[in-house]
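Below: one structure, written as structure tokens.
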There are 4 protein chains.
Amino acid sequence: MPTLETDTTSKTRGDTASSMRALFKHHAGEGLEYDPARALPAGSTGKPGVCGPNDVLIRVHKAGVCGTDRHIWEWDKWAAGRIPVGIVTGHEFIGVIEKMGSAVEHLEIGQRVSGEGHISSMTDYNALTGNAHIARDMQIIGVDREGCFADYLMMPQSNVWPVHDDISDDHAAIFDPLGNAVHTVMSAGVSAKSVLITGAGIIGLMAVTVAKAAGATRVYVTDMDPRRLAHAKQLGADDAFDVREGDGWIKEIDGVTPGDGVDVLLEMSGAPKGIDAGFRALRSGGTAALLGIPSEPPAFDLTNHIVFKGATVIGVNGRRMWQTWFQAEQFLLSGRIDLDPIITHVLPLSDYAKAFSLMQSGEGIKVVLDINGPTR
Amino acid sequence: MPTLETDTTSKTRGDTASSMRALFKHHAGEGLEYDPARALPAGSTGKPGVCGPNDVLIRVHKAGVCGTDRHIWEWDKWAAGRIPVGIVTGHEFIGVIEKMGSAVEHLEIGQRVSGEGHISSMTDYNALTGNAHIARDMQIIGVDREGCFADYLMMPQSNVWPVHDDISDDHAAIFDPLGNAVHTVMSAGVSAKSVLITGAGIIGLMAVTVAKAAGATRVYVTDMDPRRLAHAKQLGADDAFDVREGDGWIKEIDGVTPGDGVDVLLEMSGAPKGIDAGFRALRSGGTAALLGIPSEPPAFDLTNHIVFKGATVIGVNGRRMWQTWFQAEQFLLSGRIDLDPIITHVLPLSDYAKAFSLMQSGEGIKVVLDINGPTR
Amino acid sequence: MPTLETDTTSKTRGDTASSMRALFKHHAGEGLEYDPARALPAGSTGKPGVCGPNDVLIRVHKAGVCGTDRHIWEWDKWAAGRIPVGIVTGHEFIGVIEKMGSAVEHLEIGQRVSGEGHISSMTDYNALTGNAHIARDMQIIGVDREGCFADYLMMPQSNVWPVHDDISDDHAAIFDPLGNAVHTVMSAGVSAKSVLITGAGIIGLMAVTVAKAAGATRVYVTDMDPRRLAHAKQLGADDAFDVREGDGWIKEIDGVTPGDGVDVLLEMSGAPKGIDAGFRALRSGGTAALLGIPSEPPAFDLTNHIVFKGATVIGVNGRRMWQTWFQAEQFLLSGRIDLDPIITHVLPLSDYAKAFSLMQSGEGIKVVLDINGPTR
Amino acid sequence: MPTLETDTTSKTRGDTASSMRALFKHHAGEGLEYDPARALPAGSTGKPGVCGPNDVLIRVHKAGVCGTDRHIWEWDKWAAGRIPVGIVTGHEFIGVIEKMGSAVEHLEIGQRVSGEGHISSMTDYNALTGNAHIARDMQIIGVDREGCFADYLMMPQSNVWPVHDDISDDHAAIFDPLGNAVHTVMSAGVSAKSVLITGAGIIGLMAVTVAKAAGATRVYVTDMDPRRLAHAKQLGADDAFDVREGDGWIKEIDGVTPGDGVDVLLEMSGAPKGIDAGFRALRSGGTAALLGIPSEPPAFDLTNHIVFKGATVIGVNGRRMWQTWFQAEQFLLSGRIDLDPIITHVLPLSDYAKAFSLMQSGEGIKVVLDINGPTR
């Protein structure tokens with residue numbers, strides 16, 4: 001009688017290594033460690049490198065380093081509370097299909113793919129109604145289970161995203177954070193609207209170019225780092241304000257927007273002051289999409305910021321499968337967004353320490369790790 | 001050359017008194033005072049009882065006493081900061097048209113009317129795009145300008161609502177708070193959804209019957225007053241929980257809702273604990289409509305309540321002109337809601353002190369003042 | 001090396017018969033034929049009764065007879081152009097799980113289930129963005145592939161719907177057409193709105209009770225069969241009009257609706273005259289959901305019915321996976337809808353000829369075939 | 001006792017002429033006639049040039065010639081059935097305020113203004129719920145009542161739109177048709193979507209630049225006039241197809257869009273063949289906005305174009321007060337759209353015959369009549 005442990009791999013490239021290079025969380029503290037000979041990830045079979053019927057083994061070529069990875073590196077309170085010590089980290093990638101299970105259809109060995117890192121059993125209410133990204137049992141690769149800072153990654157076929165021929169490896173490698181930006185922008189709806197982005201981190205900067213592409217009439221950005229503000233302008237922001245210089249920018253925006261405030265706030269700072277200022281700059285009847293995460297529940301003026309304003313506030317978590325991915329793809333293919341100015345560094349996997357140091361210093365925006373070279 | 005001061009009254013019933021009875025805020029402290037011979041309200045002409053071209057003078061027959069009126073009576077912090085001493089209070093009413101200006105069309109002398117108490121110049125962005133209820137210069141009758149606890153009320157023709165023949169005086173007199181309930185329920189969208197109402201005050205109770213009428217599959221209510229909870233059940237709530245008995249109700253709701261929490265939260269308590277519990281009982285991807293007003297900005301767990309949940313939060317202020325009014329009218333005409341159980345007392349104007357005392361004790365839910373008897 | 005042909009069945013009740021009773025389309029003409037010993041359906045393995053990794057074999061207990069089945073019986077133009085001769089028909093059912101493949105999780109042998117009959121490979125744009133019901137390669141059981149008028153049915157795990165304990169076999173057996181009604185009503189949005197249903201067939205009648213449950217203030221129905229009109233009233237319609245008596249009903253509705261016409265049209269007749277009259281009865285700015293299917297493209301007054309009216313028109317096809325199913329379940333569990341008056345007959349499978357004759361005469365509304373008795 | 005006939009003009013520039021130049025429909029046949037000394041338009045007073053309390057008299061500086069004006073000139077079936085012989089035509093304009101009634105507030109003598117030409121009593125359901133553009137008693141200037149091809153135009157203050165300082169006279173003069181384009185694009189929602197515009201008339205061409213500004217990823221255009229197609233490409237269309245060359249373009253679009261068809265159809269041809277082809281090019285689950293008006297009800301394949309496709313179809317009529325106007329203003333101010341390539345000719349009023357001839361030949365796209373020179 002067949003059982004789940006059986007290797008149901010139906011197709012393979014035939015040259016899969018028996019061990020792999022990987023970057024993993026070696027202890028409950030700062031840093032990540034490089035393992036030159038780690039066991040391959042297991043799928044539903046529980047056996048390293050062996051696919052269950054619906055599993056896909058992907059050879060990772062490039063992987064983006066995310067702000068979340070930095071939290072894991074630095075082992076902050078959030079990381080210490082969530083990350084299982086021992087896992088391979090990383091969740092943004094492009095690779096090619098190495099092996100796949102017997103029930104995998106419509107994918108091919110050697111195909112260029114990225115993947116949605118939010119994995120759920122697809123059985124709860126949200127998963128069954130188009131919101132798998134907020135499913136109760138959702139696990140994120142590189143956060144809750146084995147990730148992509150390695151030669152190989154295993155995921156179910158339902159999480160694999162075929163990459164369009166006309167999209168470059170580097171761009172495909174960062175579809176995950178691009179998806180956060182696209183999901184935030186599209187959730188709020190910015191077409192024919194003025195937009196304020198509070199916080200010019202990686203996703204905030206991506207949101208600048210995405211918001212312009214999505215039809216925003218004006219895009220304003222706030223941050224405390226002049227380099228980030230300059231970057232925002234280069235990406236198309238109509239104006240960028242240094243919040244260390246006070247609140248004068250709120251009045252300035254009020255003066256040029258018909259609604260005496262922006263139509264849309266995209267909150268990407270997670271800073272209580274940034275959140276508060278953002279809501280003050282929002283017009284009555286406006287929409288705020290919240291992506292940034294305060295470390296502690298802040299005092300928040302619900303009365304003036306939401307109730308009296310008649311505002312709509314949308315929590316944004318992850319990205320929609322697969323609507324957000326199609327939107328990101330079409331924005332890229334149409335040439336309406338360009339990610340090149342955001343990818344400041346591409347480094348070999350072995351330079352991982354430098355990658356994190358570039359992010360910590362603020363010199364790097366998006367750093368991509370080159371693990372197995374170009375996919376073609 | 002004609003000027004704004006000219007009396008442009010084109011039509012009148014002909015018997016308007018030269019002074020009126022009124023309840024007004026006589027000093028910056030507790031209570032209201034009764035004036036048996038107050039000057040009539042002025043319209044755009046600035047002259048008592050004289051209509052400008054677009055003004056309508058209404059003889060008030062019945063007026064509802066609102067929780068806001070109680071705040072004004074008690075002269076709490078909010079009232080002290082907002083109410084101009086000297087004004088006539090009251091903002092819920094039914095009456096008949098006594099006089100109207102030369103440019104008023106489509107209304108008739110003697111017509112039964114209520115009116116939207118949010119008055120704006122209709123010149124800012126929100127007023128010009130269908131959101132007059134959150135216009136910047138919006139003034140509320142009985143709060144910012146002369147109200148309806150009096151024989152006469154003056155308002156622009158654009159704020160007058162003709163009352164349908166089949167709607168009773170008592171129901172028409174409280175269309176204003178009914179509108180708050182309808183606006184909240186319809187903003188959230190409850191059709192085919194489970195609903196939690198935190199706070200069973202007047203509007204919370206109205207929201208029970210409105211939510212059932214609007215298609216909610218289940219309606220749950222929380223409060224700290226057993227009389228209110230019993231009332232909620234009588235009005236159709238599927239269950240009603242006393243929050244003083246702990247948080248067990250949240251688990252109970254989780255167990256019977258497919259999304260492990262309610263689809264919709266209608267927050268009507270304004271209490272930080274109520275808000276927090278309400279959001280905990282909301283499912284991921286759910287919608288919260290906030291009507292209640294905390295007295296101070298509470299610590300609010302934006303991260304878990306909005307961002308991670310992917311929740312949508314809607315601030316509700318006033319009611320939509322005139323969509324909400326039509327919805328309220330149609331709910332009443334269809335017999336799908338009944339306000340009778342909510343109107344616990346109807347008292348003559350002279351018994352105003354008793355009216356406020358009934359509200360303060362919790363014995364009264366909605367108290368209606370009878371000022372000039374039935375309209376027909 | 002394992003291949004797709006392997007039996008990956010991991011769990012079974014152990015008593016599966018080697019052949020089954022079935023009703024199938026035996027020739028390209030009228031009628032269906034009963035086969036007492038047909039081969040069991042094959043899953044992805046291609047072998048009768050053998051599950052591929054993701055397949056579920058269901059023992060059918062009850063099955064609803066649909067208007068579509070009647071078209072197939074009568075072999076009309078549509079049926080002749082679509083139905084592959086030889087297939088087992090039927091697409092509405094309840095049963096219990098008999099066997100399942102090795103990769104099936106979260107389901108159990110013996111579990112009461114129904115299922116979504118629209119099956120797609122889940123690879124095209126619509127399938128990947130929450131609209132699998134209109135996927136390009138979508139196949140319907142009993143229409144394009146083996147159906148449920150038989151002892152056994154095979155479908156992928158992703159199409160199986162666990163039936164709630166508190167829902168009866170008969171109600172669960174007709175979740176499919178109930179889903180059409182719910183999808184139509186919820187697509188249009190009827191909360192606080194007046195609704196006209198043109199065509200009181202099975203789905204039209206279901207839509208009456210669903211529209212009331214979903215918050216419609218008034219529900220009007222038109223048809224040409226007085227029995228159907230009486231049924232509509234019994235199910236909660238505020239009024240029901242016989243269109244053979246002229247168009248007077250349109251004026252009548254205009255006179256009692258604030259918008260001079262209904263807010264929502266649910267078109268379920270498919271008759272060009274019904275469609276035209278329905279749109280004339282719709283108010284400017286209203287919404288029409290179209291489920292009925294004209295046999296030929298009718299002359300349609302796009303200019304007056306859609307453009308000048310500023311109407312919104314929504315095509316409705318199938319039902320949403322799984323949002324519609326949850327909505328239907330919650331309506332039933334809340335007691336807001338009742339399907340009992342719609343199920344006029346329950347007959348054993350062997351009485352299939354009588355079932356079709358009852359439908360053709362108009363005497364039966366929903367006829368359910370009892371194939372294997374109660375599920376518990 | 002004051003009456004409606006009183007001159008309530010409170011403010012005036014003081015130099016209003018006693019007669020005016022005007023272009024009017026002189027007889028029930030082809031052409032328009034020029035009157036050098038026509039009586040000024042009357043407001044609610046009924047007296048030429050005399051403002052009622054809410055009236056505004058505008059000195060017209062520039063006026064756009066619309067396709068509708070051409071229908072009126074050519075006296076086609078539609079025009080013969082609707083236009084009252086004798087009226088001044090024209091409905092697109094910019095001017096300055098000459099006089100205003102006693103109750104007009106928030107406007108100033110000499111102010112640069114345009115205006116919404118759809119005038120209603122604001123008393124029916126749609127007018128009272130934010131849809132005045134489809135109000136039952138709506139009258140259009142230059143179509144149902146005195147228009148703007150004249151020195152002066154009278155309209156209620158609630159229809160007057162103050163023109164932003166940074167918007168040129170020529171652009172402001174054609175806000176009306178720009179509003180049609182913006183309303184169509186924004187009704188459909190094009191952000192992150194592929195768009196097909198069938199029909200490259202004035203509004204179709206405007207829709208090209210508006211759709212790009214509003215966030216469309218790709219814009220395709222069809223027409224039968226190569227000049228129009230070239231114009232469409234110049235305005236930013238990704239491709240433009242001559243429908244006389246067959247349907248190959250539909251396959252071409254299918255091949256490059258993820259949904260096998262465009263996400264959005266903007267139907268602006270009104271031609272039955274154009275409508276049919278447009279719907280064939282629309283993906284399942286897509287949205288169509290219909291602005292074009294077929295002269296006769298066409299045979300329309302509701303079944304395949306709407307029902308089976310699960311399409312959403314939106315009728316577009318006029319433009320939203322004032323949301324569309326703000327959107328058009330913000331698109332212009334942001335520099336995201338440019339109308340200059342669309343305005344092919346500016347001619348003095350006396351050259352009106354040439355203006356119509358340019359439109360008839362197809363040589364002119366948007367022709368603007370210069371009536372009183374620049375506003376400043």
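To be explicit about the labels: the chains of the structure tokens are called A, B, and onward in the order shown, and within each one the residues are counted from 1, while ligands get numbers from 1 in the order they are shown.
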
At a cut-off of 7 Å, using only C-alpha atoms, what residues contact stretch 41-57 of chain D? Leave out same-chain residues fewer than 5 positions from it and give the result as a PyMOL selection string. (chain B and resi 53+103) or (chain D and resi 4-5+7-9+97-104+146+152-157)

Distance filter 9 Å, only C-alpha atoms, chain A against chain B, as a PyMOL selection string: chain A and resi 124-126+131+134-136+258-260+270+284-285+289-318

Tell me which protein, DNA and RNA residues are within 10 Å of B:Leu266, counting only C-alpha atoms, leaving out same-chain ones fewer than 2 positions away, and put them as number ranges by chain. B: 181, 184-185, 187-188, 190, 195-199, 204, 207-208, 211, 221, 264, 268-269, 275, 278-279, 287-292, 313-314, 316

Next, write the just-selected residues to a file, as a PDB file, in the first residue's frame, keeping N, CA and C atoms as the atom set.
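Contents of part.pdb, as written:
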```pdb
ATOM      1  N   ALA B 181     -27.203  54.735  13.007  1.00  0.00           N
ATOM      2  CA  ALA B 181     -27.184  53.264  13.039  1.00  0.00           C
ATOM      3  C   ALA B 181     -27.160  52.705  11.624  1.00  0.00           C
ATOM      4  N   THR B 184     -23.802  53.329   9.912  1.00  0.00           N
ATOM      5  CA  THR B 184     -22.769  52.424  10.418  1.00  0.00           C
ATOM      6  C   THR B 184     -22.933  51.029   9.826  1.00  0.00           C
ATOM      7  N   VAL B 185     -24.140  50.509   9.892  1.00  0.00           N
ATOM      8  CA  VAL B 185     -24.403  49.159   9.392  1.00  0.00           C
ATOM      9  C   VAL B 185     -24.118  49.074   7.891  1.00  0.00           C
ATOM     10  N   SER B 187     -22.261  51.092   6.026  1.00  0.00           N
ATOM     11  CA  SER B 187     -20.851  51.335   5.710  1.00  0.00           C
ATOM     12  C   SER B 187     -20.048  50.045   5.826  1.00  0.00           C
ATOM     13  N   ALA B 188     -20.349  49.281   6.870  1.00  0.00           N
ATOM     14  CA  ALA B 188     -19.617  48.035   7.075  1.00  0.00           C
ATOM     15  C   ALA B 188     -20.057  46.977   6.074  1.00  0.00           C
ATOM     16  N   VAL B 190     -23.289  44.284   5.997  1.00  0.00           N
ATOM     17  CA  VAL B 190     -23.500  43.137   6.880  1.00  0.00           C
ATOM     18  C   VAL B 190     -24.236  41.982   6.210  1.00  0.00           C
ATOM     19  N   VAL B 195     -22.183  39.635  12.828  1.00  0.00           N
ATOM     20  CA  VAL B 195     -21.948  41.000  13.291  1.00  0.00           C
ATOM     21  C   VAL B 195     -21.840  41.035  14.805  1.00  0.00           C
ATOM     22  N   LEU B 196     -20.874  41.781  15.293  1.00  0.00           N
ATOM     23  CA  LEU B 196     -20.758  42.053  16.726  1.00  0.00           C
ATOM     24  C   LEU B 196     -20.945  43.543  16.953  1.00  0.00           C
ATOM     25  N   ILE B 197     -21.845  43.877  17.871  1.00  0.00           N
ATOM     26  CA  ILE B 197     -22.045  45.277  18.248  1.00  0.00           C
ATOM     27  C   ILE B 197     -21.533  45.444  19.667  1.00  0.00           C
ATOM     28  N   THR B 198     -20.469  46.232  19.824  1.00  0.00           N
ATOM     29  CA  THR B 198     -19.945  46.466  21.167  1.00  0.00           C
ATOM     30  C   THR B 198     -20.536  47.778  21.690  1.00  0.00           C
ATOM     31  N   GLY B 199     -21.399  47.664  22.700  1.00  0.00           N
ATOM     32  CA  GLY B 199     -22.036  48.855  23.270  1.00  0.00           C
ATOM     33  C   GLY B 199     -23.488  48.954  22.868  1.00  0.00           C
ATOM     34  N   GLY B 204     -26.526  51.649  19.398  1.00  0.00           N
ATOM     35  CA  GLY B 204     -26.195  50.226  19.390  1.00  0.00           C
ATOM     36  C   GLY B 204     -27.445  49.364  19.310  1.00  0.00           C
ATOM     37  N   ALA B 207     -28.920  49.595  16.005  1.00  0.00           N
ATOM     38  CA  ALA B 207     -28.094  48.838  15.056  1.00  0.00           C
ATOM     39  C   ALA B 207     -28.434  47.347  15.070  1.00  0.00           C
ATOM     40  N   VAL B 208     -28.920  46.841  16.195  1.00  0.00           N
ATOM     41  CA  VAL B 208     -29.316  45.430  16.254  1.00  0.00           C
ATOM     42  C   VAL B 208     -30.424  45.167  15.240  1.00  0.00           C
ATOM     43  N   ALA B 211     -29.207  45.836  11.620  1.00  0.00           N
ATOM     44  CA  ALA B 211     -28.308  44.811  11.086  1.00  0.00           C
ATOM     45  C   ALA B 211     -29.093  43.563  10.675  1.00  0.00           C
ATOM     46  N   VAL B 221     -24.139  41.062  20.734  1.00  0.00           N
ATOM     47  CA  VAL B 221     -24.049  42.365  21.389  1.00  0.00           C
ATOM     48  C   VAL B 221     -23.307  42.218  22.708  1.00  0.00           C
ATOM     49  N   VAL B 264     -17.942  41.238  10.948  1.00  0.00           N
ATOM     50  CA  VAL B 264     -18.121  42.682  11.077  1.00  0.00           C
ATOM     51  C   VAL B 264     -18.198  43.084  12.539  1.00  0.00           C
ATOM     52  N   MET B 268     -19.536  50.666  19.147  1.00  0.00           N
ATOM     53  CA  MET B 268     -20.412  51.738  19.596  1.00  0.00           C
ATOM     54  C   MET B 268     -20.256  52.034  21.076  1.00  0.00           C
ATOM     55  N   SER B 269     -19.185  51.529  21.662  1.00  0.00           N
ATOM     56  CA  SER B 269     -18.986  51.770  23.088  1.00  0.00           C
ATOM     57  C   SER B 269     -18.078  52.972  23.339  1.00  0.00           C
ATOM     58  N   ILE B 275     -13.311  48.430  22.633  1.00  0.00           N
ATOM     59  CA  ILE B 275     -12.686  48.476  21.313  1.00  0.00           C
ATOM     60  C   ILE B 275     -11.709  47.316  21.170  1.00  0.00           C
ATOM     61  N   GLY B 278     -13.510  44.015  20.979  1.00  0.00           N
ATOM     62  CA  GLY B 278     -14.201  43.921  19.696  1.00  0.00           C
ATOM     63  C   GLY B 278     -13.249  43.493  18.589  1.00  0.00           C
ATOM     64  N   PHE B 279     -12.082  44.099  18.556  1.00  0.00           N
ATOM     65  CA  PHE B 279     -11.114  43.733  17.515  1.00  0.00           C
ATOM     66  C   PHE B 279     -10.583  42.315  17.712  1.00  0.00           C
ATOM     67  N   THR B 287     -14.233  43.450   8.804  1.00  0.00           N
ATOM     68  CA  THR B 287     -14.450  44.893   8.696  1.00  0.00           C
ATOM     69  C   THR B 287     -14.974  45.446  10.013  1.00  0.00           C
ATOM     70  N   ALA B 288     -14.385  46.555  10.456  1.00  0.00           N
ATOM     71  CA  ALA B 288     -14.867  47.219  11.662  1.00  0.00           C
ATOM     72  C   ALA B 288     -15.342  48.618  11.311  1.00  0.00           C
ATOM     73  N   ALA B 289     -16.523  48.976  11.782  1.00  0.00           N
ATOM     74  CA  ALA B 289     -16.999  50.353  11.632  1.00  0.00           C
ATOM     75  C   ALA B 289     -17.012  50.984  13.012  1.00  0.00           C
ATOM     76  N   LEU B 290     -16.350  52.117  13.129  1.00  0.00           N
ATOM     77  CA  LEU B 290     -16.196  52.757  14.434  1.00  0.00           C
ATOM     78  C   LEU B 290     -17.087  53.985  14.546  1.00  0.00           C
ATOM     79  N   LEU B 291     -18.004  53.940  15.516  1.00  0.00           N
ATOM     80  CA  LEU B 291     -18.867  55.089  15.787  1.00  0.00           C
ATOM     81  C   LEU B 291     -18.581  55.650  17.178  1.00  0.00           C
ATOM     82  N   GLY B 292     -18.258  54.751  18.107  1.00  0.00           N
ATOM     83  CA  GLY B 292     -17.997  55.180  19.477  1.00  0.00           C
ATOM     84  C   GLY B 292     -16.755  56.047  19.563  1.00  0.00           C
ATOM     85  N   VAL B 313     -11.063  49.129   8.422  1.00  0.00           N
ATOM     86  CA  VAL B 313     -11.677  49.892   9.501  1.00  0.00           C
ATOM     87  C   VAL B 313     -12.266  51.178   8.917  1.00  0.00           C
ATOM     88  N   ILE B 314     -13.522  51.435   9.262  1.00  0.00           N
ATOM     89  CA  ILE B 314     -14.234  52.562   8.666  1.00  0.00           C
ATOM     90  C   ILE B 314     -14.710  53.495   9.766  1.00  0.00           C
ATOM     91  N   VAL B 316     -17.107  56.291  11.184  1.00  0.00           N
ATOM     92  CA  VAL B 316     -18.475  56.681  10.849  1.00  0.00           C
ATOM     93  C   VAL B 316     -18.860  57.927  11.630  1.00  0.00           C
TER      94      VAL B 316
END
```

Step one, run DSSP on the backbone; step two, keep only residues of stretch 160-282 of chain C assigned to alpha helix (DSSP H); then write them as JSON, numbers by chain. {"C": [169, 170, 171, 172, 173, 175, 176, 177, 178, 179, 180, 181, 182, 183, 184, 185, 186, 187, 188, 202, 203, 204, 205, 206, 207, 208, 209, 210, 211, 212, 213, 226, 227, 228, 229, 230, 231, 232, 233, 234, 248, 249, 250, 251, 252, 253, 254, 255, 256, 272, 273, 274, 275, 276, 277, 278, 279, 280]}

Need to verify the contact set: C:Met359, 12 Å, only C-alpha atoms, exclusion of same-chain residues closer than 2 positions in sequence. Can you return it as a PyMOL selection string? chain C and resi 64-71+73-74+201-202+343-345+352-357+361-368

Name all residues at most 12 Å from D:Asp176 (count only C-alpha atoms; drop same-chain ones fewer than 2 positions away) and give them as a ChimeraX atom specification. /D:63-66,68,90-94,114-118,140-141,161,170-174,178-183,202-203,206,317-322,324-325,328-329

Quick one: residues within 8 Å of A:Ala39, only C-alpha atoms, excluding same-chain residues fewer than 6 positions away - as a ChimeraX atom specification? /A:18-20,48

Deliver the residues from the most recent selection as a file, using C-alpha atoms, as a tab-separated table (two decimals), in the first residue's frame.
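Written output follows (result.tsv):
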```tsv
chain	number	residue	atom	x	y	z
A	18	SER	CA	23.09	15.48	-2.16
A	19	SER	CA	23.86	18.44	0.06
A	20	MET	CA	23.71	22.19	-0.33
A	48	PRO	CA	15.59	15.53	2.28
```

Report, in Å to a single decimal, how far apart atom CA of A:Lys251 and atom CA of D:Gln111 are. 25.7 Å

If we count only C-alpha atoms and set the cut-off at 10 Å, which residues sit around A:Phe24, ignoring sequence neighbours fewer than 3 positions away in its own chain? Please answer as a PyMOL selection string. chain A and resi 21+27+31-35+38+73+85-90+142+146-150

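Across the model, the gap from atom CA of B:Pro374 to atom CA of B:Ala22 is 18.2 Å.
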